[in-house]
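Shown below: structure.pdb, with PDB, C-alpha atoms.
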```pdb
ATOM      1  CA  MET N  83    -217.268  55.873 222.404
ATOM      2  CA  LEU N  84    -215.419  54.066 225.164
ATOM      3  CA  THR N  85    -215.416  50.876 223.128
ATOM      4  CA  LEU N  86    -214.053  52.706 220.107
ATOM      5  CA  GLN N  87    -211.293  54.222 222.211
ATOM      6  CA  ILE N  88    -210.354  50.783 223.526
ATOM      7  CA  ILE N  89    -210.248  49.450 219.972
ATOM      8  CA  GLY N  90    -208.123  52.419 218.988
ATOM      9  CA  ILE N  91    -205.677  51.669 221.798
ATOM     10  CA  LEU N  92    -205.440  48.017 220.738
ATOM     11  CA  ALA N  93    -204.973  48.945 217.075
ATOM     12  CA  THR N  94    -202.262  51.441 217.941
ATOM     13  CA  LEU N  95    -200.485  48.929 220.177
ATOM     14  CA  THR N  96    -200.671  46.289 217.439
ATOM     15  CA  GLY N  97    -199.219  48.646 214.868
ATOM     16  CA  GLY N  98    -196.501  49.705 217.292
ATOM     17  CA  ALA N  99    -195.645  46.075 218.007
ATOM     18  CA  MET N 100    -195.226  45.386 214.301
ATOM     19  CA  LEU N 101    -192.964  48.421 213.906
ATOM     20  CA  ILE N 102    -190.912  47.215 216.870
ATOM     21  CA  ALA N 103    -190.648  43.805 215.203
ATOM     22  CA  ALA N 104    -189.292  45.503 212.087
ATOM     23  CA  GLY N 105    -186.606  47.173 214.190
ATOM     24  CA  ALA N 106    -185.844  43.869 215.901
ATOM     25  CA  ILE N 107    -184.644  42.438 212.580
ATOM     26  CA  ASN N 108    -181.777  44.933 212.491
ATOM     27  CA  ARG N 109    -181.067  44.400 216.183
ATOM     28  CA  ARG N 110    -180.826  40.651 215.644
ATOM     29  CA  THR N 111    -178.186  41.232 212.966
ATOM     30  CA  ARG N 112    -176.095  43.236 215.414
ATOM     31  CA  GLN N 113    -176.495  40.540 218.062
ATOM     32  CA  GLU N 114    -175.277  37.863 215.652
ATOM     33  CA  LEU N 115    -172.202  39.994 214.952
ATOM     34  CA  GLU N 116    -171.575  40.317 218.689
ATOM     35  CA  GLN N 117    -171.822  36.551 219.055
ATOM     36  CA  HIS N 118    -169.062  36.148 216.487
ATOM     37  CA  VAL N 119    -166.906  38.567 218.471
ATOM     38  CA  ASN N 120    -167.644  36.782 221.752
ATOM     39  CA  LEU N 121    -166.288  33.547 220.335
ATOM     40  CA  VAL N 122    -162.769  34.858 220.942
ATOM     41  CA  ALA N 123    -163.474  35.644 224.616
ATOM     42  CA  PRO N 124    -161.738  33.379 227.123
ATOM     43  CA  PRO N 125    -163.982  30.692 228.627
ATOM     44  CA  ALA N 126    -163.699  32.227 232.097
ATOM     45  CA  THR N 127    -165.484  35.382 230.936
ATOM     46  CA  ARG N 128    -168.424  33.571 229.461
ATOM     47  CA  LYS N 129    -171.600  33.720 231.439
ATOM     48  CA  ALA N 130    -172.719  30.249 232.492
ATOM     49  CA  THR N 131    -176.403  30.458 231.800
ATOM     50  CA  TRP N 132    -177.027  26.750 231.389
ATOM     51  CA  GLY N 133    -175.942  24.491 234.207
ATOM     52  CA  ALA N 134    -175.110  20.869 233.656
ATOM     53  CA  THR N 135    -177.001  19.760 236.741
ATOM     54  CA  ARG N 136    -180.606  20.569 237.563
ATOM     55  CA  SER N 137    -181.868  21.348 240.995
ATOM     56  CA  SER N 138    -184.868  19.680 242.546
ATOM     57  CA  LEU N 139    -186.901  22.833 241.895
ATOM     58  CA  GLU N 140    -186.021  22.615 238.214
ATOM     59  CA  MET N 141    -187.106  18.989 237.907
ATOM     60  CA  LYS N 142    -190.218  19.163 240.099
ATOM     61  CA  ILE N 143    -191.721  22.489 238.996
ATOM     62  CA  ASN N 144    -190.032  24.188 236.063
ATOM     63  CA  VAL N 145    -189.767  21.239 233.697
ATOM     64  CA  PRO N 146    -193.411  20.069 234.101
ATOM     65  CA  LEU N 147    -194.579  23.684 233.774
ATOM     66  CA  ARG N 148    -192.656  24.136 230.537
ATOM     67  CA  ARG N 149    -194.094  20.903 229.195
ATOM     68  CA  MET N 150    -197.596  22.073 230.059
ATOM     69  CA  PHE N 151    -197.269  25.409 228.237
ATOM     70  CA  ALA N 152    -195.277  23.894 225.352
ATOM     71  CA  VAL N 153    -197.552  20.897 224.807
ATOM     72  CA  GLY N 154    -197.365  19.812 221.188
ATOM     73  CA  ALA N 155    -193.969  21.432 220.600
ATOM     74  CA  ALA N 156    -191.486  19.197 218.805
ATOM     75  CA  TYR N 157    -188.512  20.017 221.060
ATOM     76  CA  ILE N 158    -188.198  21.727 224.438
ATOM     77  CA  TRP N 159    -184.498  21.369 225.255
ATOM     78  CA  GLY N 160    -183.779  25.069 224.685
ATOM     79  CA  MET N 161    -186.501  26.438 226.959
ATOM     80  CA  ARG N 162    -185.071  28.088 230.071
ATOM     81  CA  SER N 163    -187.870  30.154 231.670
ATOM     82  CA  GLY N 164    -189.159  28.818 234.957
ATOM     83  CA  ALA N 165    -192.191  29.185 237.172
ATOM     84  CA  LEU N 166    -191.070  32.565 238.523
ATOM     85  CA  MET N 167    -191.431  34.038 235.045
ATOM     86  CA  LEU N 168    -194.097  31.926 233.350
ATOM     87  CA  LEU N 169    -196.819  32.044 236.008
ATOM     88  CA  PRO N 170    -196.719  35.849 236.601
ATOM     89  CA  LEU N 171    -196.614  36.397 232.833
ATOM     90  CA  ALA N 172    -199.643  34.163 232.324
ATOM     91  CA  CYS N 173    -201.610  35.836 235.118
ATOM     92  CA  VAL N 174    -200.807  39.369 233.943
ATOM     93  CA  SER N 175    -201.769  38.486 230.360
ATOM     94  CA  ALA N 176    -205.098  37.066 231.472
ATOM     95  CA  ALA N 177    -205.739  40.084 233.720
ATOM     96  CA  ILE N 178    -205.109  42.496 230.825
ATOM     97  CA  VAL N 179    -207.228  40.608 228.318
ATOM     98  CA  TRP N 180    -210.241  40.138 230.629
ATOM     99  CA  PRO N 181    -211.464  43.776 230.931
ATOM    100  CA  LEU N 182    -210.674  44.565 227.293
ATOM    101  CA  ALA N 183    -212.532  41.512 226.016
ATOM    102  CA  PHE N 184    -215.421  42.064 228.412
ATOM    103  CA  GLN N 185    -215.855  45.635 227.188
ATOM    104  CA  MET N 186    -215.443  44.919 223.487
ATOM    105  CA  LEU N 187    -217.649  41.811 223.365
ATOM    106  CA  GLY N 188    -220.706  43.441 224.857
ATOM    107  CA  ASN N 189    -220.210  42.361 228.477
ATOM    108  CA  SER N 190    -220.089  38.706 227.514
ATOM    109  CA  THR N 191    -218.599  36.937 230.507
ATOM    110  CA  TRP N 192    -217.952  33.556 228.949
ATOM    111  CA  LEU N 193    -216.287  34.976 225.830
ATOM    112  CA  ALA N 194    -214.092  37.207 227.973
ATOM    113  CA  ALA N 195    -213.195  34.226 230.137
ATOM    114  CA  LEU N 196    -212.372  32.169 227.041
ATOM    115  CA  LEU N 197    -210.053  34.858 225.661
ATOM    116  CA  SER N 198    -208.430  35.318 229.071
ATOM    117  CA  ALA N 199    -207.768  31.590 229.302
ATOM    118  CA  ALA N 200    -206.261  31.680 225.816
ATOM    119  CA  ALA N 201    -203.970  34.558 226.844
ATOM    120  CA  PHE N 202    -203.009  32.678 230.025
ATOM    121  CA  PHE N 203    -201.836  29.722 227.930
ATOM    122  CA  PHE N 204    -200.516  31.188 224.683
ATOM    123  CA  VAL N 205    -198.435  34.124 225.955
ATOM    124  CA  PRO N 206    -196.064  31.916 228.035
ATOM    125  CA  ARG N 207    -196.086  29.401 225.193
ATOM    126  CA  PHE N 208    -194.963  32.112 222.789
ATOM    127  CA  VAL N 209    -192.099  33.037 225.135
ATOM    128  CA  LEU N 210    -190.984  29.409 225.459
ATOM    129  CA  LEU N 211    -191.095  28.777 221.717
ATOM    130  CA  ARG N 212    -189.001  31.881 221.111
ATOM    131  CA  GLU N 213    -186.445  30.620 223.628
ATOM    132  CA  GLN N 214    -186.321  27.285 221.814
ATOM    133  CA  LYS N 215    -185.754  28.946 218.449
ATOM    134  CA  ARG N 216    -183.075  31.186 219.943
ATOM    135  CA  ALA N 217    -181.281  28.168 221.409
ATOM    136  CA  GLU N 218    -181.430  26.380 218.049
ATOM    137  CA  ARG N 219    -179.954  29.423 216.287
ATOM    138  CA  GLN N 220    -177.156  29.630 218.854
ATOM    139  CA  PHE N 221    -176.439  25.915 218.490
ATOM    140  CA  ILE N 222    -176.176  26.155 214.707
ATOM    141  CA  GLU N 223    -174.018  29.273 215.113
ATOM    142  CA  HIS N 224    -171.396  27.653 217.372
ATOM    143  CA  PHE N 225    -171.575  24.037 216.226
ATOM    144  CA  PRO N 226    -168.970  24.213 213.400
ATOM    145  CA  ALA N 227    -166.474  25.802 215.801
ATOM    146  CA  GLY N 228    -167.098  22.954 218.248
ATOM    147  CA  ILE N 229    -166.426  20.396 215.527
ATOM    148  CA  ASP N 230    -163.187  22.180 214.598
ATOM    149  CA  MET N 231    -162.112  22.010 218.241
ATOM    150  CA  MET N 232    -162.864  18.285 218.266
ATOM    151  CA  ILE N 233    -160.784  17.809 215.112
ATOM    152  CA  ARG N 234    -157.763  19.516 216.679
ATOM    153  CA  MET N 235    -158.028  17.404 219.823
ATOM    154  CA  LEU N 236    -158.367  14.156 217.882
ATOM    155  CA  ARG N 237    -155.306  14.997 215.812
ATOM    156  CA  ALA N 238    -153.441  15.737 219.049
ATOM    157  CA  GLY N 239    -154.104  12.136 220.125
ATOM    158  CA  LEU N 240    -156.959  12.560 222.638
ATOM    159  CA  PRO N 241    -159.645   9.822 222.790
ATOM    160  CA  ILE N 242    -163.160  10.671 221.710
ATOM    161  CA  SER N 243    -164.534  10.593 225.277
ATOM    162  CA  SER N 244    -161.952  13.122 226.487
ATOM    163  CA  THR N 245    -162.652  15.256 223.438
ATOM    164  CA  VAL N 246    -166.357  15.416 224.210
ATOM    165  CA  ARG N 247    -165.644  16.368 227.834
ATOM    166  CA  ALA N 248    -163.216  19.085 226.751
ATOM    167  CA  ILE N 249    -165.799  20.590 224.405
ATOM    168  CA  GLN N 250    -168.149  20.888 227.371
ATOM    169  CA  THR N 251    -165.696  23.158 229.195
ATOM    170  CA  GLU N 252    -164.383  25.130 226.219
ATOM    171  CA  THR N 253    -167.500  26.023 224.216
ATOM    172  CA  PRO N 254    -170.344  28.478 224.897
ATOM    173  CA  PRO N 255    -173.989  27.543 225.502
ATOM    174  CA  PRO N 256    -175.842  25.591 224.279
ATOM    175  CA  ILE N 257    -173.011  23.479 222.835
ATOM    176  CA  ASN N 258    -171.525  22.831 226.287
ATOM    177  CA  LEU N 259    -174.840  21.547 227.645
ATOM    178  CA  VAL N 260    -175.317  19.031 224.834
ATOM    179  CA  PHE N 261    -171.785  17.640 224.905
ATOM    180  CA  GLY N 262    -171.753  17.693 228.703
ATOM    181  CA  SER N 263    -174.875  15.533 228.715
ATOM    182  CA  ILE N 264    -173.211  13.060 226.336
ATOM    183  CA  ALA N 265    -170.051  12.961 228.470
ATOM    184  CA  ASP N 266    -172.081  12.404 231.644
ATOM    185  CA  GLN N 267    -173.973   9.488 230.091
ATOM    186  CA  VAL N 268    -170.753   7.880 228.881
ATOM    187  CA  ALA N 269    -169.260   8.300 232.367
ATOM    188  CA  LEU N 270    -172.266   6.432 233.789
ATOM    189  CA  GLY N 271    -171.571   3.467 231.506
ATOM    190  CA  ILE N 272    -173.900   4.161 228.594
ATOM    191  CA  PRO N 273    -172.281   3.276 225.236
ATOM    192  CA  PHE N 274    -171.027   6.282 223.319
ATOM    193  CA  ASP N 275    -173.091   5.568 220.203
ATOM    194  CA  LYS N 276    -176.254   5.184 222.288
ATOM    195  CA  ALA N 277    -175.650   8.452 224.156
ATOM    196  CA  LEU N 278    -175.004  10.273 220.884
ATOM    197  CA  THR N 279    -178.136   8.832 219.270
ATOM    198  CA  VAL N 280    -180.295   9.891 222.226
ATOM    199  CA  ALA N 281    -178.812  13.397 222.117
ATOM    200  CA  SER N 282    -179.493  13.717 218.377
ATOM    201  CA  GLU N 283    -183.126  12.695 218.900
ATOM    202  CA  GLN N 284    -183.539  15.241 221.687
ATOM    203  CA  ILE N 285    -181.879  18.074 219.750
ATOM    204  CA  GLY N 286    -183.636  17.344 216.470
ATOM    205  CA  LEU N 287    -181.459  19.655 214.349
ATOM    206  CA  PRO N 288    -180.371  18.286 210.952
ATOM    207  CA  ASP N 289    -176.806  19.549 211.479
ATOM    208  CA  PHE N 290    -176.411  17.576 214.698
ATOM    209  CA  ARG N 291    -178.028  14.496 213.169
ATOM    210  CA  PHE N 292    -175.431  14.580 210.382
ATOM    211  CA  PHE N 293    -172.755  14.793 213.043
ATOM    212  CA  ALA N 294    -174.213  11.911 215.071
ATOM    213  CA  VAL N 295    -174.545   9.600 212.055
ATOM    214  CA  ALA N 296    -171.025  10.363 210.816
ATOM    215  CA  LEU N 297    -169.477   9.980 214.265
ATOM    216  CA  ASN N 298    -171.306   6.734 215.075
ATOM    217  CA  LEU N 299    -170.388   5.256 211.710
ATOM    218  CA  GLN N 300    -166.703   6.123 212.035
ATOM    219  CA  TYR N 301    -166.664   5.108 215.697
ATOM    220  CA  ALA N 302    -168.070   1.675 214.838
ATOM    221  CA  THR N 303    -166.087   0.938 211.670
ATOM    222  CA  GLY N 304    -162.841   2.796 212.368
ATOM    223  CA  GLY N 305    -160.987   5.108 210.008
ATOM    224  CA  ASN N 306    -159.815   8.690 210.000
ATOM    225  CA  LEU N 307    -162.422  10.348 212.215
ATOM    226  CA  ALA N 308    -160.720  13.758 212.076
ATOM    227  CA  ALA N 309    -160.897  13.842 208.257
ATOM    228  CA  THR N 310    -164.584  12.904 208.321
ATOM    229  CA  LEU N 311    -165.367  15.616 210.838
ATOM    230  CA  GLU N 312    -163.400  18.139 208.789
ATOM    231  CA  ILE N 313    -165.569  17.415 205.750
ATOM    232  CA  LEU N 314    -168.683  17.652 207.917
ATOM    233  CA  SER N 315    -167.567  20.993 209.400
ATOM    234  CA  ASP N 316    -167.038  22.415 205.918
ATOM    235  CA  LEU N 317    -170.481  21.163 204.857
ATOM    236  CA  LEU N 318    -172.182  22.744 207.870
ATOM    237  CA  ARG N 319    -170.438  26.064 207.243
ATOM    238  CA  ARG N 320    -171.611  26.023 203.643
ATOM    239  CA  ARG N 321    -175.179  25.312 204.728
ATOM    240  CA  ARG N 322    -175.031  28.149 207.207
ATOM    241  CA  ALA N 323    -173.623  30.506 204.569
ATOM    242  CA  VAL N 324    -176.561  29.682 202.297
ATOM    243  CA  ARG N 325    -179.017  30.405 205.113
ATOM    244  CA  LEU N 326    -177.339  33.730 205.901
ATOM    245  CA  LYS N 327    -177.410  34.762 202.245
ATOM    246  CA  ALA N 328    -181.103  33.913 202.046
ATOM    247  CA  ALA N 329    -181.812  35.882 205.234
ATOM    248  CA  ALA N 330    -179.903  38.883 203.883
ATOM    249  CA  ALA N 331    -181.759  38.687 200.574
ATOM    250  CA  THR N 332    -185.155  38.685 202.305
ATOM    251  CA  ALA N 333    -184.351  41.294 204.996
ATOM    252  CA  GLU N 334    -185.841  44.168 203.015
ATOM    253  CA  VAL N 335    -188.968  42.157 202.254
ATOM    254  CA  ARG N 336    -189.415  41.270 205.922
ATOM    255  CA  VAL N 337    -189.097  44.858 207.085
ATOM    256  CA  SER N 338    -191.512  45.987 204.362
ATOM    257  CA  ALA N 339    -194.022  43.326 205.413
ATOM    258  CA  TYR N 340    -193.997  44.485 209.033
ATOM    259  CA  VAL N 341    -194.186  48.187 208.148
ATOM    260  CA  LEU N 342    -196.969  47.762 205.590
ATOM    261  CA  GLY N 343    -198.856  45.520 207.992
ATOM    262  CA  ALA N 344    -198.558  48.112 210.759
ATOM    263  CA  ILE N 345    -199.875  51.033 208.702
ATOM    264  CA  PRO N 346    -203.591  49.992 208.758
ATOM    265  CA  PHE N 347    -203.538  49.490 212.532
ATOM    266  CA  VAL N 348    -201.781  52.781 213.213
ATOM    267  CA  THR N 349    -204.153  54.616 210.845
ATOM    268  CA  ILE N 350    -207.343  53.185 212.332
ATOM    269  CA  GLY N 351    -206.050  53.800 215.845
ATOM    270  CA  ALA N 352    -205.281  57.441 215.047
ATOM    271  CA  LEU N 353    -208.719  57.955 213.464
ATOM    272  CA  LEU N 354    -210.455  56.427 216.472
ATOM    273  CA  PHE N 355    -208.636  58.876 218.729
ATOM    274  CA  MET N 356    -209.068  62.021 216.626
ATOM    275  CA  THR N 357    -212.404  61.520 214.812
ATOM    276  CA  PRO N 358    -214.161  58.440 216.191
ATOM    277  CA  GLY N 359    -217.402  59.309 214.431
ATOM    278  CA  TYR N 360    -215.732  58.982 211.039
ATOM    279  CA  VAL N 361    -215.036  55.268 211.476
ATOM    280  CA  ALA N 362    -217.892  54.432 213.854
ATOM    281  CA  PRO N 363    -220.040  52.846 211.058
ATOM    282  CA  LEU N 364    -217.375  50.190 210.631
ATOM    283  CA  PHE N 365    -218.113  48.947 214.143
ATOM    284  CA  TYR N 366    -221.853  49.588 214.514
ATOM    285  CA  ASP N 367    -223.211  49.008 211.003
ATOM    286  CA  GLN N 368    -223.545  45.396 209.865
ATOM    287  CA  ARG N 369    -221.956  46.172 206.484
ATOM    288  CA  GLY N 370    -219.060  47.866 208.241
ATOM    289  CA  LYS N 371    -218.436  44.751 210.317
ATOM    290  CA  TYR N 372    -218.279  42.672 207.136
ATOM    291  CA  ILE N 373    -215.781  45.120 205.668
ATOM    292  CA  LEU N 374    -213.637  44.971 208.807
ATOM    293  CA  ALA N 375    -213.746  41.179 208.865
ATOM    294  CA  ALA N 376    -212.790  40.943 205.185
ATOM    295  CA  ALA N 377    -209.987  43.493 205.578
ATOM    296  CA  GLY N 378    -208.592  41.720 208.633
ATOM    297  CA  ALA N 379    -208.740  38.323 206.926
ATOM    298  CA  LEU N 380    -206.998  39.597 203.782
ATOM    299  CA  LEU N 381    -204.327  41.384 205.807
ATOM    300  CA  LEU N 382    -203.664  38.250 207.871
ATOM    301  CA  LEU N 383    -203.567  36.084 204.746
ATOM    302  CA  ALA N 384    -201.066  38.414 203.058
ATOM    303  CA  PHE N 385    -198.841  38.501 206.142
ATOM    304  CA  LEU N 386    -198.875  34.711 206.566
ATOM    305  CA  SER N 387    -198.182  34.165 202.862
ATOM    306  CA  MET N 388    -195.130  36.438 202.942
ATOM    307  CA  ARG N 389    -193.940  34.844 206.167
ATOM    308  CA  GLN N 390    -194.256  31.326 204.745
ATOM    309  CA  MET N 391    -192.386  32.243 201.564
ATOM    310  CA  MET N 392    -189.556  33.815 203.548
ATOM    311  CA  ARG N 393    -189.332  30.800 205.846
ATOM    312  CA  LYS N 394    -189.007  28.453 202.899
ATOM    313  CA  VAL N 395    -186.160  30.536 201.533
ATOM    314  CA  THR N 396    -184.253  30.852 204.834
ATOM    315  CA  ALA N 397    -184.750  27.183 205.820
ATOM    316  CA  ALA N 398    -182.273  25.977 203.228
TER     317      ALA N 398
END
```

Now, as a test, write the supplied structure out as structure tokens.
Amino acid sequence: MLTLQIIGILATLTGGAMLIAAGAINRRTRQELEQHVNLVAPPATRKATWGATRSSLEMKINVPLRRMFAVGAAYIWGMRSGALMLLPLACVSAAIVWPLAFQMLGNSTWLAALLSAAAFFFVPRFVLLREQKRAERQFIEHFPAGIDMMIRMLRAGLPISSTVRAIQTETPPPINLVFGSIADQVALGIPFDKALTVASEQIGLPDFRFFAVALNLQYATGGNLAATLEILSDLLRRRRAVRLKAAAATAEVRVSAYVLGAIPFVTIGALLFMTPGYVAPLFYDQRGKYILAAAGALLLLAFLSMRQMMRKVTAA
């Protein structure tokens, strides 16, 4: 009975997490609206969350730790969590998974240790990958406004190097970090086109790669750079509008997917609490285990299929 109660707790928590994720979709929409409003705030009121210089603690501990947990990730420039958050999170995750796995897997020490090690690694990794995706969304959100600011400065007669430095001080994160890094490299004597190419490879976003190619080409051959950037800014805004329309069109489907996926977990958790004997054959009978495995596999397959289809639509 104790094992069934533990399974019921896990099922209920899983269902609750999926319902919370459904609510997070609406909350994200409100946050994006607030970001638009914050664009009109004066630079002095913006919170400087990303510093241009890194301390010795950042370079010696935090950066290697992020690389360890994010091994295999394509880009890590947007990850901000350090050792003070990642290590306690990893230890707490492993400590929670160990007794649950040990109890559910029939007191199997090595399986419990394996699952605890997986929790120790994948929970911080999940946090870091979410930070990276959030930074990429913020970059795409503010990038067209940064290009418009560059256009105005170029038309006012400022050189490109001064324009890049001004964008560092006048734009919100993460735009200021990227352009500040380019300005710092140019100040150290690195050619502008080389610094821009390195930044585009580190960022990895198609929007910034378009910008880097257009800027390097115009910088090398001459011509009306402001007009080229104006066309690019309009193109990026159109791309973003298409993505937002796709996200709005699939919002109902996403919420439905999370809610429908949460219902089986909430139901089985409630039954395990109220009438555990009713569902006990699913866990103790061999045929019941096959049914549970098949149901879990089909539910996971349906969720991943819907997620992949929505990602293809919103990645336009």

Length of the CA of Gly286 in chain N to CA of Leu317 in chain N vector [Å]: 18.0 Å

Between CA of Pro273 in chain N and CA of Val295 in chain N, distance in Å (one decimal):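 A separation of 14.8 Å between them.
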
9 Å contact set for range 153-157 of chain N, only C-alpha atoms, chain neighbours under 4 positions out, as a PyMOL selection string: chain N and resi 148-149+161+207+211+214+284-286

Counting all atoms listed in the file, the residue of N:Ala269, N:Ser387, N:Phe151, N:Leu381 that sits nearest Phe347 in chain N: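 Under the stated criterion, the closest residue is N:Leu381.
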
Residue IDs satisfying the PyMOL selection byres ((chain N and resi 302-314) around 7), as an MDAnalysis selection string: chainID N and resid 229 233 236:237 298:301 315:318

Point-to-point distance in Å for CA of Leu380 in chain N and CA of Pro363 in chain N: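 We find that CA of Pro363 in chain N and CA of Leu380 in chain N lie 20.0 Å from each other.
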
12 Å contact set for Arg212 in chain N, only C-alpha atoms, chain neighbours under 2 positions out, as a list in words: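 Those residues are Ala152, Ala155, Tyr157, Ile158, Gly160, Met161, Arg162, Ser163, Val205, Pro206, Arg207, Phe208, Val209, Leu210, Gln214, Lys215, Arg216, Ala217, Glu218 and Arg219 of chain N.
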
Selection result for the PyMOL selection byres ((chain N and resi 244) around 12) on this file, as a list of chain:residue names: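 Applying the expression gives N:Met232, N:Met235, N:Leu236, N:Ala238, N:Gly239, N:Leu240, N:Pro241, N:Ile242, N:Ser243, N:Thr245, N:Val246, N:Arg247, N:Ala248, N:Ile249, N:Gln250, N:Thr251, N:Phe261, N:Gly262, N:Ile264, N:Ala265, N:Asp266, N:Val268, N:Ala269, N:Phe274.
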
Just write the chosen residues, C-alpha atoms, as a PDB file, in the coordinates of the input.
```
ATOM      1  CA  MET N 232    -162.864  18.285 218.266  1.00  0.00           C
ATOM      2  CA  MET N 235    -158.028  17.404 219.823  1.00  0.00           C
ATOM      3  CA  LEU N 236    -158.367  14.156 217.882  1.00  0.00           C
ATOM      4  CA  ALA N 238    -153.441  15.737 219.049  1.00  0.00           C
ATOM      5  CA  GLY N 239    -154.104  12.136 220.125  1.00  0.00           C
ATOM      6  CA  LEU N 240    -156.959  12.560 222.638  1.00  0.00           C
ATOM      7  CA  PRO N 241    -159.645   9.822 222.790  1.00  0.00           C
ATOM      8  CA  ILE N 242    -163.160  10.671 221.710  1.00  0.00           C
ATOM      9  CA  SER N 243    -164.534  10.593 225.277  1.00  0.00           C
ATOM     10  CA  THR N 245    -162.652  15.256 223.438  1.00  0.00           C
ATOM     11  CA  VAL N 246    -166.357  15.416 224.210  1.00  0.00           C
ATOM     12  CA  ARG N 247    -165.644  16.368 227.834  1.00  0.00           C
ATOM     13  CA  ALA N 248    -163.216  19.085 226.751  1.00  0.00           C
ATOM     14  CA  ILE N 249    -165.799  20.590 224.405  1.00  0.00           C
ATOM     15  CA  GLN N 250    -168.149  20.888 227.371  1.00  0.00           C
ATOM     16  CA  THR N 251    -165.696  23.158 229.195  1.00  0.00           C
ATOM     17  CA  PHE N 261    -171.785  17.640 224.905  1.00  0.00           C
ATOM     18  CA  GLY N 262    -171.753  17.693 228.703  1.00  0.00           C
ATOM     19  CA  ILE N 264    -173.211  13.060 226.336  1.00  0.00           C
ATOM     20  CA  ALA N 265    -170.051  12.961 228.470  1.00  0.00           C
ATOM     21  CA  ASP N 266    -172.081  12.404 231.644  1.00  0.00           C
ATOM     22  CA  VAL N 268    -170.753   7.880 228.881  1.00  0.00           C
ATOM     23  CA  ALA N 269    -169.260   8.300 232.367  1.00  0.00           C
ATOM     24  CA  PHE N 274    -171.027   6.282 223.319  1.00  0.00           C
TER      25      PHE N 274
END
```

Pick from N:Ile143, N:Leu353, N:Leu326, N:Val280 nearest to Gln267 in chain N, counting only C-alpha atoms: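 For Gln267 in chain N, the nearest of the candidates is N:Val280.
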
Residues in the PyMOL selection byres ((chain N and resi 178) around 12), expressed as a PyMOL selection string: chain N and resi 92+171-177+179-185+194-195+197-202+205

Residue with smallest distance to Phe365 in chain N - pool N:Leu278, N:Phe221, N:Gly343, N:Ile350, counting all atoms listed in the file: N:Ile350

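Restricting the calculation to all atoms listed in the file, the smallest distance between Arg322 in chain N and any of N:Thr279, N:Met392, N:Trp159, N:Asp289 is found for N:Asp289.
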
Selection: 10 Å around Arg389 in chain N, all atoms listed in the file, excl. self and same-chain fewer than 6 positions, as a ChimeraX atom specification: /N:335-336,339,383

Selected residue, from N:Ala296, N:Leu169, N:Leu382, N:Ile272, that lies nearest to Ala344 in chain N when counting only C-alpha atoms: N:Leu382
